Amino acid sequence: MIDGIETPTAARETGAGLVNLVGLDRAGMGQAMAELGLPAFRARQVWHWIYHRGARGFDEMTTLAKPVRAMLAQRCAIVRPGIVREQTSSDRTRKWLLRAPGGGEVETVYIPEEDRGALCLSSQVGCALTCTFCHTGTQDLVRNLDSADIVGQLLVARDSYGEWPSPSNGTRLLSNIVMMGMGEPLLNYANVARALTIIMDQEGIAISKRRITLSTAGYVPNIRRCGEELGVNLAISLHAVTDELRDQLVPINRKFPIAELLAACRDYPGANNARRITFEYIMLKGVNDSAADARALVRLIKGIPAKVNLIPFNAWPGAPFDCSTAAVIRRFSEIVNDAGYSAPVRIPRGRDILAACGQLKSATERARRAGA
Ligand code: SAH
């Protein structure tokens, strides 16, 4: 179960026998153009149109000669995920239920702040990790998303906010990316890496690695690689301070226990006081929220450039946990803070549309059951 099943790199054909250009990396795009007998500079032009200008069709690509556009339209496609549903919360959080080009449905969430915001992308349909507090975890892994499915989520969100051509960094609503949606990104490393490489490319979507955070439940073998090859910020879903408890809450811990996970964090390339590792800690009433837990957490992360995000548990029907009380969360936060670590309590966003942490996808399944 643990070893990632990874889908191949090659250009995927759409149902109509067309090659989908979305999700190809630079080399893949060059190869796709070469196969059509087009020179390398065409690949750069098409890249610019798709990822900087947001072109949805070849007729928009006015820097290409008409016959080239016509040939591209005959052989290739620019496929975005289909929007099954788009909902906006009373707090302006927006959630899309998307039909992935590669099959299956995924959810993508945009969390706005004052003048910027984070887009939360999914990496898998379902999840194999069975974390007991997570609703996605109660669903089986259906499949890995490929790079077209992952980049496609971002294209849809940018369409929705009209952020084409790519605005300069200071003025973007979609300024940050968090790989914190459905699935475990480090168990689908190749596709996630390809998608993030496309997203970071300076001549396209151009979101810098400093504005991208990848969250993992702790698939240790790919942590170093993620730092070396992608250099993005790392978040760890820690949630418990003993192996005994973490084995129960986050079962991947049985394979990669806390000591190994923290060793990988200490070695994470690029982590320093300016770029801290985030430890996510879900607040479960009477389970992991005592003052002693808070003190143990501080001891565990000692020496790691770290910050702690305290996440109030988001309930779902049948969940075997309750959220800690506000007073208990405050006490926990103060202990971690007093030890010198920032420990903000995350305000749940988008709960009314089931867009908060751990609530993704479940709504779809429920709606379908209810409607069936
Ligand atoms: N598999 C990766 C990516 C998912 S990120 C990971 O585990 O890090 C989603 C975050 O939401 C994780 O920190 C996860 O532990 C947390 N989460 C899951 N269910 C939740 C719930 N019901 N309430 C609050 N947070 C939850």
# chains A, B, ... in the order shown; residues from 1 in each chain; ligands from 1
>>> residues_near_ligand(ligand="ligand 1", cutoff="9 Å", atoms="only C-alpha atoms and all ligand atoms", output="VMD selection string")
chain A and resid 120 122 to 123 127 129 131 to 137 178 to 187 214 to 218 235 to 239 250 279 to 284 311 to 316 319 321 323 348 356 to 360
>>> residues_around(residues="Arg210 of chain A", least_positions_apart="2", cutoff="10 Å", atoms="only C-alpha atoms", output="VMD selection string")
chain A and resid 176 to 177 200 207 to 208 212 to 213 231 to 233 275
>>> write_last_selection(atoms="N, CA, C and O atoms", output="CSV table (one decimal), in the first residue's frame")
chain,number,residue,atom,x,y,z
A,176,ASN,N,-0.4,31.8,-3.5
A,176,ASN,CA,0.2,30.7,-2.8
A,176,ASN,C,-0.4,29.4,-3.2
A,176,ASN,O,-1.6,29.4,-3.5
A,177,ILE,N,0.4,28.3,-3.1
A,177,ILE,CA,-0.1,27.0,-3.4
A,177,ILE,C,0.1,26.1,-2.2
A,177,ILE,O,1.2,26.2,-1.6
A,200,MET,N,5.9,26.4,-11.2
A,200,MET,CA,7.0,27.3,-10.7
A,200,MET,C,7.7,28.0,-11.9
A,200,MET,O,8.4,29.0,-11.7
A,207,ILE,N,4.7,30.8,-10.0
A,207,ILE,CA,4.5,30.9,-8.5
A,207,ILE,C,5.8,30.3,-7.9
A,207,ILE,O,6.2,29.2,-8.2
A,208,SER,N,6.5,31.1,-7.1
A,208,SER,CA,7.8,30.8,-6.6
A,208,SER,C,7.7,29.7,-5.6
A,208,SER,O,6.7,29.5,-4.8
A,212,ILE,N,5.0,28.0,-2.1
A,212,ILE,CA,4.4,26.7,-2.3
A,212,ILE,C,4.7,25.8,-1.0
A,212,ILE,O,5.9,25.8,-0.6
A,213,THR,N,3.7,25.2,-0.5
A,213,THR,CA,3.9,24.3,0.7
A,213,THR,C,3.4,23.0,0.4
A,213,THR,O,2.2,22.9,0.0
A,231,GLY,N,12.5,22.2,-3.7
A,231,GLY,CA,12.8,23.3,-2.8
A,231,GLY,C,11.6,24.0,-2.2
A,231,GLY,O,11.7,25.2,-1.8
A,232,VAL,N,10.4,23.3,-2.2
A,232,VAL,CA,9.2,24.0,-1.7
A,232,VAL,C,9.2,23.9,-0.1
A,232,VAL,O,10.0,23.2,0.5
A,233,ASN,N,8.3,24.7,0.5
A,233,ASN,CA,8.2,24.6,2.0
A,233,ASN,C,7.6,23.3,2.3
A,233,ASN,O,6.7,22.7,1.6
A,275,ARG,N,12.9,30.0,6.6
A,275,ARG,CA,12.0,29.1,5.9
A,275,ARG,C,11.8,27.9,6.9
A,275,ARG,O,12.5,26.9,6.8
>>> residues_around(residues="Ser90 of chain A", least_positions_apart="6", cutoff="12 Å", atoms="only C-alpha atoms", output="JSON, numbers by chain")
{"A": [111, 112, 349, 350, 351, 352, 353, 354, 355]}
>>> write_last_selection(atoms="N, CA, C and O atoms", output="PDB file, in the first residue's frame")
ATOM      1  N   ILE A 111      -8.559  29.702  -0.623  1.00  0.00           N
ATOM      2  CA  ILE A 111      -8.766  30.344   0.679  1.00  0.00           C
ATOM      3  C   ILE A 111      -8.230  31.779   0.596  1.00  0.00           C
ATOM      4  O   ILE A 111      -7.022  31.998   0.610  1.00  0.00           O
ATOM      5  N   PRO A 112      -9.144  32.763   0.474  1.00  0.00           N
ATOM      6  CA  PRO A 112      -8.682  34.138   0.289  1.00  0.00           C
ATOM      7  C   PRO A 112      -8.255  34.797   1.587  1.00  0.00           C
ATOM      8  O   PRO A 112      -8.840  34.558   2.643  1.00  0.00           O
ATOM      9  N   ARG A 349     -11.818  27.525   7.656  1.00  0.00           N
ATOM     10  CA  ARG A 349     -12.406  28.296   6.560  1.00  0.00           C
ATOM     11  C   ARG A 349     -13.277  27.379   5.724  1.00  0.00           C
ATOM     12  O   ARG A 349     -12.956  26.225   5.499  1.00  0.00           O
ATOM     13  N   GLY A 350     -14.384  27.957   5.266  1.00  0.00           N
ATOM     14  CA  GLY A 350     -15.230  27.246   4.311  1.00  0.00           C
ATOM     15  C   GLY A 350     -15.971  26.052   4.890  1.00  0.00           C
ATOM     16  O   GLY A 350     -16.362  25.151   4.158  1.00  0.00           O
ATOM     17  N   ARG A 351     -16.188  26.069   6.222  1.00  0.00           N
ATOM     18  CA  ARG A 351     -16.878  24.909   6.807  1.00  0.00           C
ATOM     19  C   ARG A 351     -18.284  24.728   6.241  1.00  0.00           C
ATOM     20  O   ARG A 351     -18.767  23.615   6.077  1.00  0.00           O
ATOM     21  N   ASP A 352     -18.956  25.871   5.960  1.00  0.00           N
ATOM     22  CA  ASP A 352     -20.355  25.794   5.485  1.00  0.00           C
ATOM     23  C   ASP A 352     -20.480  25.114   4.124  1.00  0.00           C
ATOM     24  O   ASP A 352     -21.551  24.649   3.751  1.00  0.00           O
ATOM     25  N   ILE A 353     -19.376  25.050   3.365  1.00  0.00           N
ATOM     26  CA  ILE A 353     -19.444  24.330   2.081  1.00  0.00           C
ATOM     27  C   ILE A 353     -18.559  23.077   2.137  1.00  0.00           C
ATOM     28  O   ILE A 353     -18.135  22.550   1.107  1.00  0.00           O
ATOM     29  N   LEU A 354     -18.259  22.634   3.346  1.00  0.00           N
ATOM     30  CA  LEU A 354     -17.411  21.454   3.558  1.00  0.00           C
ATOM     31  C   LEU A 354     -16.101  21.568   2.767  1.00  0.00           C
ATOM     32  O   LEU A 354     -15.706  20.649   2.061  1.00  0.00           O
ATOM     33  N   ALA A 355     -15.453  22.715   2.952  1.00  0.00           N
ATOM     34  CA  ALA A 355     -14.184  22.929   2.259  1.00  0.00           C
ATOM     35  C   ALA A 355     -13.023  22.939   3.241  1.00  0.00           C
ATOM     36  O   ALA A 355     -11.884  23.139   2.857  1.00  0.00           O
TER      37      ALA A 355
END
>>> atom_distance(atom1="atom CA of Val22 of chain A", atom2="atom CA of Val79 of chain A")
6.4 Å
